[in-house]
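Structure data (mmCIF, C-alpha atoms) from run.cif:
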data_data
loop_
_atom_site.label_atom_id
_atom_site.label_comp_id
_atom_site.auth_asym_id
_atom_site.auth_seq_id
_atom_site.Cartn_x
_atom_site.Cartn_y
_atom_site.Cartn_z
CA MET A 1 -4.25 50.66 28.03
CA SER A 2 -2.76 47.56 29.47
CA VAL A 3 -1.24 44.90 27.35
CA PHE A 4 -2.10 42.20 29.79
CA THR A 5 -5.73 42.91 30.33
CA ARG A 6 -8.21 40.33 29.29
CA ASN A 7 -9.26 42.00 26.11
CA ASP A 8 -8.08 39.06 24.00
CA SER A 9 -11.71 38.13 23.72
CA LYS A 10 -11.68 40.37 20.66
CA ASP A 11 -9.36 37.89 19.06
CA ASN A 12 -11.95 35.23 19.42
CA THR A 13 -14.25 37.11 17.15
CA ILE A 14 -11.54 37.23 14.53
CA ARG A 15 -10.79 33.56 14.82
CA PRO A 16 -14.07 31.85 15.31
CA THR A 17 -12.48 28.41 15.33
CA THR A 18 -10.74 28.97 18.63
CA THR A 19 -12.31 27.89 21.87
CA ASP A 20 -13.48 30.06 24.73
CA LYS A 21 -10.17 30.28 26.48
CA PRO A 22 -7.89 32.99 25.18
CA GLU A 23 -4.82 30.93 26.08
CA VAL A 24 -5.83 28.34 23.57
CA SER A 25 -6.24 30.92 20.86
CA VAL A 26 -2.61 31.88 21.25
CA THR A 27 -1.29 28.34 20.94
CA THR A 28 -3.38 27.48 17.91
CA THR A 29 -1.59 30.12 15.88
CA THR A 30 1.90 28.80 16.53
CA PRO A 31 1.87 25.95 13.99
CA GLU A 32 1.46 28.62 11.32
CA PHE A 33 5.14 29.40 11.64
CA ASN A 34 6.09 25.95 10.54
CA ARG A 35 4.05 26.09 7.42
CA ALA A 36 5.50 26.64 4.01
CA PRO A 37 5.02 30.06 2.48
CA GLN A 38 2.62 28.67 -0.06
CA PRO A 39 0.39 25.67 0.12
CA VAL A 40 1.24 22.85 -2.21
CA GLN A 41 -1.43 20.76 -3.75
CA PRO A 42 -0.94 17.24 -2.59
CA VAL A 43 -0.19 14.34 -4.84
CA SER A 44 -3.40 12.76 -5.93
CA HIS A 45 -4.22 9.67 -4.01
CA LEU A 46 -3.07 6.53 -5.62
CA THR A 47 -5.91 4.74 -7.24
CA PRO A 48 -5.45 1.47 -9.08
CA VAL A 49 -6.14 3.03 -12.46
CA GLN A 50 -6.80 0.67 -15.35
CA ALA A 51 -5.72 -2.24 -13.16
CA ALA A 52 -2.19 -1.49 -14.36
CA SER A 53 -2.70 -3.49 -17.53
CA THR A 54 -1.67 -0.80 -19.99
CA SER A 55 1.21 1.53 -19.50
CA VAL A 56 0.54 5.04 -20.73
CA ILE A 57 3.39 7.29 -21.69
CA SER A 58 1.54 10.59 -21.89
CA LYS A 59 2.53 13.41 -24.17
CA ALA A 60 4.05 15.22 -21.21
CA LEU A 61 6.60 12.47 -20.67
CA LYS A 62 9.93 12.03 -22.35
CA ILE A 63 11.93 8.87 -21.86
CA THR A 64 15.54 8.35 -22.80
CA GLY A 65 16.25 4.67 -22.49
CA GLN A 66 14.74 1.27 -22.96
CA LEU A 67 11.20 0.18 -22.23
CA GLU A 68 10.29 -3.44 -21.71
CA SER A 69 6.90 -4.78 -20.85
CA THR A 70 5.03 -8.05 -20.92
CA GLU A 71 1.84 -6.05 -21.30
CA ASN A 72 0.51 -3.31 -23.54
CA ILE A 73 2.10 0.07 -23.99
CA GLN A 74 0.43 3.23 -25.21
CA ILE A 75 2.88 5.92 -26.23
CA ASP A 76 1.85 9.53 -26.65
CA GLY A 77 5.10 11.09 -25.57
CA GLU A 78 8.64 11.05 -26.77
CA ILE A 79 10.98 8.10 -26.51
CA GLU A 80 14.59 7.85 -27.40
CA GLY A 81 15.37 4.18 -27.20
CA ASP A 82 13.88 0.79 -27.82
CA VAL A 83 10.39 -0.27 -26.89
CA ARG A 84 9.38 -3.88 -26.32
CA GLY A 85 5.83 -4.74 -25.51
CA VAL A 86 2.95 -6.97 -26.50
CA HIS A 87 0.55 -4.51 -28.06
CA VAL A 88 2.35 -1.24 -28.66
CA LYS A 89 0.32 1.74 -29.77
CA VAL A 90 2.20 4.82 -30.88
CA GLY A 91 -0.18 7.77 -30.76
CA GLN A 92 -0.58 10.57 -33.23
CA ASN A 93 1.82 13.05 -31.71
CA ALA A 94 4.20 10.50 -30.29
CA LYS A 95 7.80 10.22 -31.38
CA VAL A 96 9.97 7.18 -31.03
CA LYS A 97 13.60 7.27 -31.98
CA GLY A 98 14.58 3.64 -31.83
CA SER A 99 13.12 0.24 -32.49
CA VAL A 100 9.66 -0.90 -31.57
CA TYR A 101 9.11 -4.61 -30.97
CA GLY A 102 5.88 -6.33 -30.18
CA ASP A 103 3.23 -8.80 -31.20
CA GLU A 104 1.15 -5.99 -32.52
CA VAL A 105 2.30 -2.48 -33.29
CA GLU A 106 -0.11 0.27 -34.24
CA LEU A 107 1.58 3.40 -35.48
CA SER A 108 -0.15 6.77 -35.78
CA GLY A 109 2.82 8.88 -34.85
CA THR A 110 6.45 9.00 -35.82
CA VAL A 111 9.00 6.24 -35.57
CA ASP A 112 12.58 6.80 -36.57
CA GLY A 113 14.09 3.36 -36.43
CA LYS A 114 12.63 -0.07 -36.88
CA ILE A 115 9.36 -1.82 -36.27
CA GLU A 116 9.37 -5.52 -35.70
CA ALA A 117 6.04 -7.10 -35.01
CA LYS A 118 3.78 -9.91 -36.06
CA LYS A 119 1.01 -7.53 -36.93
CA VAL A 120 1.76 -3.97 -37.98
CA VAL A 121 -0.80 -1.25 -38.58
CA LEU A 122 0.27 2.05 -40.07
CA THR A 123 -2.59 4.53 -39.86
CA SER A 124 -3.05 7.55 -42.10
CA SER A 125 -1.04 9.78 -39.79
CA ALA A 126 1.85 7.35 -39.43
CA HIS A 127 5.33 8.55 -40.25
CA MET A 128 7.76 5.69 -40.44
CA SER A 129 11.44 6.17 -41.21
CA GLY A 130 13.05 2.78 -41.26
CA ASP A 131 12.33 -0.83 -41.94
CA VAL A 132 9.20 -2.70 -40.98
CA ILE A 133 9.56 -6.39 -40.29
CA HIS A 134 6.16 -8.00 -40.08
CA GLN A 135 4.02 -10.99 -40.82
CA ASP A 136 0.82 -9.13 -41.42
CA ILE A 137 0.73 -5.46 -42.34
CA THR A 138 -1.99 -2.87 -42.79
CA ILE A 139 -1.12 0.43 -44.36
CA GLN A 140 -3.77 3.09 -44.50
CA SER A 141 -3.84 5.73 -47.17
CA GLY A 142 -1.74 8.70 -46.10
CA ALA A 143 0.84 6.76 -44.17
CA TYR A 144 4.43 7.72 -44.83
CA ILE A 145 7.06 5.02 -45.05
CA ALA A 146 10.69 5.51 -45.87
CA GLY A 147 12.16 2.07 -45.60
CA HIS A 148 11.61 -1.53 -46.47
CA CYS A 149 8.68 -3.62 -45.48
CA ARG A 150 9.79 -7.21 -45.11
CA PRO A 151 7.53 -10.11 -44.17
CA GLU A 152 10.25 -11.75 -42.18
CA PHE A 153 8.89 -11.65 -38.70
CA GLY A 154 9.89 -14.77 -36.82
CA LYS A 155 12.30 -15.82 -39.52
CA THR A 156 15.16 -13.76 -38.20
CA GLN A 157 16.39 -14.32 -34.71
CA SER A 158 15.77 -10.97 -33.14
CA GLN A 159 12.78 -11.73 -31.04
CA PRO A 160 12.30 -9.49 -28.08
CA VAL A 161 13.73 -10.86 -24.91
CA LEU A 162 11.37 -10.03 -22.13
CA SER A 163 13.49 -10.54 -19.13
CA ARG A 164 13.85 -8.56 -16.01
CA PRO A 165 17.12 -6.68 -16.15
CA LYS A 166 19.42 -7.32 -13.26
CA GLU A 167 21.76 -4.46 -13.71
CA VAL A 168 23.11 -2.67 -10.73
CA LEU A 169 23.13 1.07 -10.84
CA PRO A 170 25.79 3.22 -9.21
CA ARG A 171 25.42 3.17 -5.50
CA VAL A 172 23.85 6.09 -3.79
CA MET B 1 12.63 19.59 -21.72
CA PRO B 2 16.24 18.64 -21.27
CA VAL B 3 17.22 17.23 -17.94
CA SER B 4 19.85 19.88 -17.46
CA GLN B 5 17.31 22.69 -17.39
CA ARG B 6 15.45 21.78 -14.27
CA ARG B 7 13.08 24.43 -13.04
CA THR B 8 12.17 25.14 -9.50
CA LEU B 9 10.78 22.30 -7.44
CA VAL B 10 8.84 24.63 -5.20
CA ARG B 11 6.10 25.72 -7.58
CA PRO B 12 4.29 23.77 -10.22
CA PRO B 13 5.52 24.47 -13.74
CA LEU B 14 4.07 27.68 -15.06
CA GLY B 15 2.22 28.33 -18.26
CA ARG B 16 0.79 24.86 -18.59
CA LYS B 17 -2.58 23.57 -17.68
CA ASP B 18 -3.06 20.15 -16.26
CA ALA B 19 -5.20 19.27 -19.26
CA GLU B 20 -2.13 19.67 -21.43
CA LEU B 21 -0.16 17.39 -19.20
CA PRO B 22 -1.98 14.10 -18.92
CA THR B 23 -0.83 11.69 -16.30
CA SER B 24 1.51 8.90 -17.33
CA HIS B 25 1.10 5.42 -15.94
CA LEU B 26 3.81 2.83 -15.95
CA GLY B 27 2.20 -0.55 -15.45
CA ARG B 28 3.65 -3.23 -13.24
CA ALA B 29 4.87 -5.28 -16.18
CA LEU B 30 6.91 -2.39 -17.52
CA THR B 31 10.61 -1.98 -16.91
CA ILE B 32 12.35 1.18 -18.00
CA LYS B 33 16.07 1.67 -18.04
CA GLY B 34 16.92 5.30 -18.57
CA ILE B 35 15.78 8.82 -17.88
CA LEU B 36 12.16 9.87 -17.50
CA ASP B 37 11.29 13.52 -17.83
CA THR B 38 7.89 15.11 -17.36
CA GLU B 39 6.38 18.33 -16.11
CA GLY B 40 3.20 16.51 -15.28
CA GLU B 41 2.20 13.64 -13.10
CA LEU B 42 3.68 10.17 -13.24
CA HIS B 43 2.49 6.97 -11.62
CA VAL B 44 4.96 4.12 -11.42
CA GLN B 45 3.75 0.58 -10.77
CA GLY B 46 6.59 -1.06 -12.61
CA ASN B 47 10.34 -0.89 -12.41
CA VAL B 48 12.47 2.09 -13.27
CA LEU B 49 16.24 1.88 -13.28
CA GLY B 50 17.61 5.33 -13.84
CA GLN B 51 16.45 8.83 -13.17
CA ILE B 52 12.97 10.30 -12.85
CA ASN B 53 12.23 14.00 -13.23
CA ALA B 54 8.62 14.86 -12.61
CA ASP B 55 6.37 17.44 -11.09
CA ARG B 56 4.22 14.99 -9.20
CA LEU B 57 5.23 11.39 -8.78
CA VAL B 58 3.52 8.42 -7.22
CA ILE B 59 5.45 5.21 -6.77
CA GLY B 60 2.73 2.65 -6.35
CA ALA B 61 2.63 -0.40 -4.15
CA GLU B 62 4.25 -2.52 -6.81
CA GLY B 63 6.56 0.18 -8.05
CA TYR B 64 10.30 -0.04 -7.72
CA VAL B 65 12.71 2.72 -8.57
CA GLU B 66 16.44 2.42 -8.50
CA GLY B 67 18.25 5.70 -9.01
CA ASP B 68 17.60 9.37 -8.49
CA VAL B 69 14.12 10.78 -8.13
CA ILE B 70 13.61 14.52 -8.58
CA ALA B 71 10.15 15.97 -8.17
CA ARG B 72 8.18 18.70 -6.50
CA ASP B 73 5.80 16.35 -4.83
CA VAL B 74 6.41 12.64 -4.25
CA ARG B 75 4.27 9.97 -2.71
CA ILE B 76 5.88 6.61 -2.15
CA VAL B 77 3.89 3.48 -1.50
CA GLY B 78 6.40 1.06 -2.99
CA ARG B 79 10.16 0.75 -2.98
CA VAL B 80 12.94 3.14 -3.82
CA LYS B 81 16.62 2.45 -3.82
CA GLY B 82 18.45 5.68 -4.39
CA ARG B 83 18.11 9.31 -3.69
CA ILE B 84 14.95 11.36 -3.57
CA PHE B 85 15.05 15.10 -4.07
CA ALA B 86 11.62 16.52 -3.46
CA TYR B 87 10.14 19.61 -1.97
CA GLN B 88 7.31 17.60 -0.51
CA VAL B 89 7.56 13.91 0.33
CA THR B 90 4.92 11.52 1.58
CA LEU B 91 6.02 8.05 2.62
CA ASP B 92 3.17 5.65 3.07
CA SER B 93 3.20 2.85 5.60
CA SER B 94 4.27 0.32 2.99
CA ALA B 95 7.08 2.48 1.64
CA ASP B 96 10.53 0.94 1.61
CA ILE B 97 13.37 3.37 1.06
CA THR B 98 17.05 2.66 0.84
CA GLY B 99 19.02 5.82 0.37
CA ARG B 100 18.55 9.47 1.09
CA VAL B 101 15.44 11.57 1.07
CA PHE B 102 16.20 15.25 0.57
CA HIS B 103 13.06 17.11 1.46
CA HIS B 104 11.54 20.30 2.74
CA LEU B 105 8.15 19.03 3.83
CA ALA B 106 7.93 15.41 4.79
CA THR B 107 5.16 13.13 5.93
CA VAL B 108 6.07 9.64 7.09
CA GLU B 109 3.37 7.21 7.93
CA LYS B 110 3.80 4.67 10.68
CA GLY B 111 5.36 1.52 9.27
CA ALA B 112 7.42 3.09 6.52
CA LYS B 113 10.85 1.53 6.23
CA ILE B 114 13.65 4.00 5.77
CA ASP B 115 17.19 2.74 5.55
CA GLY B 116 19.20 5.89 5.21
CA ARG B 117 19.00 9.52 6.01
CA MET B 118 16.31 12.09 5.47
CA PRO B 119 18.17 15.37 5.16
CA TRP B 120 16.05 18.49 5.38
CA ARG B 121 16.98 21.24 2.97
CA PRO B 122 15.92 24.89 2.93
CA LEU B 123 13.63 26.33 0.30
CA ASN B 124 16.41 27.74 -1.84
CA PHE B 125 17.82 24.25 -2.31
CA PHE B 126 14.66 23.32 -4.19
CA GLU B 127 13.99 26.72 -5.68
CA SER B 128 16.76 26.44 -8.26
CA PHE B 129 17.35 22.75 -8.44
CA GLU B 130 19.36 21.68 -11.44
CA GLN B 131 21.08 18.35 -11.21
CA PRO B 132 21.54 16.15 -8.22
CA PRO B 133 25.04 16.18 -6.86
CA GLU B 134 27.18 13.18 -7.59
CA ALA B 135 26.57 10.30 -5.28
CA GLN B 136 28.81 10.25 -2.30
CA THR B 137 30.78 7.15 -1.69
#
As structure tokens:
Amino acid sequence: MSVFTRNDSKDNTIRPTTTDKPEVSVTTTTPEFNRAPQPVQPVSHLTPVQAASTSVISKALKITGQLESTENIQIDGEIEGDVRGVHVKVGQNAKVKGSVYGDEVELSGTVDGKIEAKKVVLTSSAHMSGDVIHQDITIQSGAYIAGHCRPEFGKTQSQPVLSRPKEVLPRV
Amino acid sequence: MPVSQRRTLVRPPLGRKDAELPTSHLGRALTIKGILDTEGELHVQGNVLGQINADRLVIGAEGYVEGDVIARDVRIVGRVKGRIFAYQVTLDSSADITGRVFHHLATVEKGAKIDGRMPWRPLNFFESFEQPPEAQT
């Protein structure tokens, strides 16, 4: 029984991917040491989904802070802060604690704050705690509103300012 | 999930199926100032000023993030100014990073711009990751 005899050819049957030379079969195993203990599924490749026209805040996402967009926003998650968009849709299980501004706001979820939009739609599952400032409002049967509905959109000077913030965060 | 209770960054979050955690997309016209928290996947094409906590994160070609990024798996195509804490990091050729990239497994494509350091950290650093340490001056 010699350790150094050429019986490594048995190894080749175990690892069929290796080439004929036994020397090669030894080196191919070495990168295994550098590998992580468990494989990680890679991040999905970036695909230009939806041409980036609508932002989707999925139900798995929670945001604490302000959102500002010059395009549409679909909210299914939880937001603590103000939302400014063009067409803002608050989904059935979404929660917004803050004000929602837009040209058009469709509410099916919960808003605790204010809605200010030219066109407001409160669907049957809407739960609105706070004032609604609008020009055109649709309220479906079943919608909950605790607050005033005032047709004063555009009359008060609190139009959303869609500007790019130029704040500097703490250095890193 | 509160930010303070970060789970491990080594394994995907347990007990949830991907179907329950739909991917979030932040369009290029969207600017968020604040903290983003998800156990699912997040794609950023817009601007985020603040902190991002995610399981999987893609910062798209037009994405810009200023602040701390904490995730298990990060792919950066766009720009980041701040710190990245991720078990696995992929920097594409168009990535532009200013700051530090704390990682365990990193892939950097040719052409990626990195202005800063890329400190490697052992598994246990990501295994019980809570909050990023305060920024050093």
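One finds CA of Ser58 (chain A) at 7.9 Å from CA of His25 (chain B).
All residues of protein, DNA or RNA that reach within 7 Å of Glu62 (chain B), judged by all atoms listed in the file and not counting those fewer than 2 positions away in the chain, are Arg28, Gln45, Gly46, Gly60, Tyr64 and Gly78 of chain B.
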**Request:** Any chance you could resolve the PyMOL selection byres ((chain B and resi 80) around 6) against this file and give the residues as a list in words?
**Result:**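 So the PyMOL selection byres ((chain B and resi 80) around 6) ends up selecting Tyr64, Val65, Glu66, Arg79, Lys81 and Ile97 of chain B.
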**Prompt:** Taking only C-alpha atoms into account, what are the residues of chain B at most 9 Å from chain A, put as a ChimeraX atom specification?
**Reply:** /B:1,10-12,20-43,45-46,49-50,54,56-60,66-68,73-75,77,81-83,88,90,98-100,104-105,123,134-137
List the residues selected by the PyMOL selection byres ((chain A and resi 99) around 9) in the file shown, writing them as a PDB file with C-alpha atoms, keeping the file's coordinate frame.
ATOM      1  CA  GLY A  81      15.370   4.180 -27.200  1.00  0.00           C
ATOM      2  CA  ASP A  82      13.880   0.790 -27.820  1.00  0.00           C
ATOM      3  CA  VAL A  83      10.390  -0.270 -26.890  1.00  0.00           C
ATOM      4  CA  ARG A  84       9.380  -3.880 -26.320  1.00  0.00           C
ATOM      5  CA  VAL A  96       9.970   7.180 -31.030  1.00  0.00           C
ATOM      6  CA  LYS A  97      13.600   7.270 -31.980  1.00  0.00           C
ATOM      7  CA  GLY A  98      14.580   3.640 -31.830  1.00  0.00           C
ATOM      8  CA  VAL A 100       9.660  -0.900 -31.570  1.00  0.00           C
ATOM      9  CA  TYR A 101       9.110  -4.610 -30.970  1.00  0.00           C
ATOM     10  CA  VAL A 111       9.000   6.240 -35.570  1.00  0.00           C
ATOM     11  CA  ASP A 112      12.580   6.800 -36.570  1.00  0.00           C
ATOM     12  CA  GLY A 113      14.090   3.360 -36.430  1.00  0.00           C
ATOM     13  CA  LYS A 114      12.630  -0.070 -36.880  1.00  0.00           C
ATOM     14  CA  ILE A 115       9.360  -1.820 -36.270  1.00  0.00           C
ATOM     15  CA  GLU A 116       9.370  -5.520 -35.700  1.00  0.00           C
TER      16      GLU A 116
END
**Message:** Using Å and a single decimal, report how far CA of Glu106 (chain A) sits from CA of Val86 (chain A).
**Reply:** 11.0 Å
**Request:** Please write as a list in words the list of polymer residues whose atoms come within 10 Å of (20.1, 7.9, 8.3), counting only C-alpha atoms and keeping to the coordinates of the file.
**Result:**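 Checked against the point, the hits come out as Thr98, Gly99, Arg100, Val101, Ile114, Asp115, Gly116, Arg117, Met118 and Pro119 of chain B.
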**Message:** Could you tell me, as a VMD selection string, exactly which residues end up selected when the PyMOL selection byres ((chain A and resi 134-139) around 7) is applied to this structure?
**Reply:** chain A and resid 116 to 123 132 to 133 140 to 141 143 150 to 153
**Asked** CA of Val108 (chain B) and CA of Glu130 (chain B), how far apart in Å?
**Response** 25.8 Å
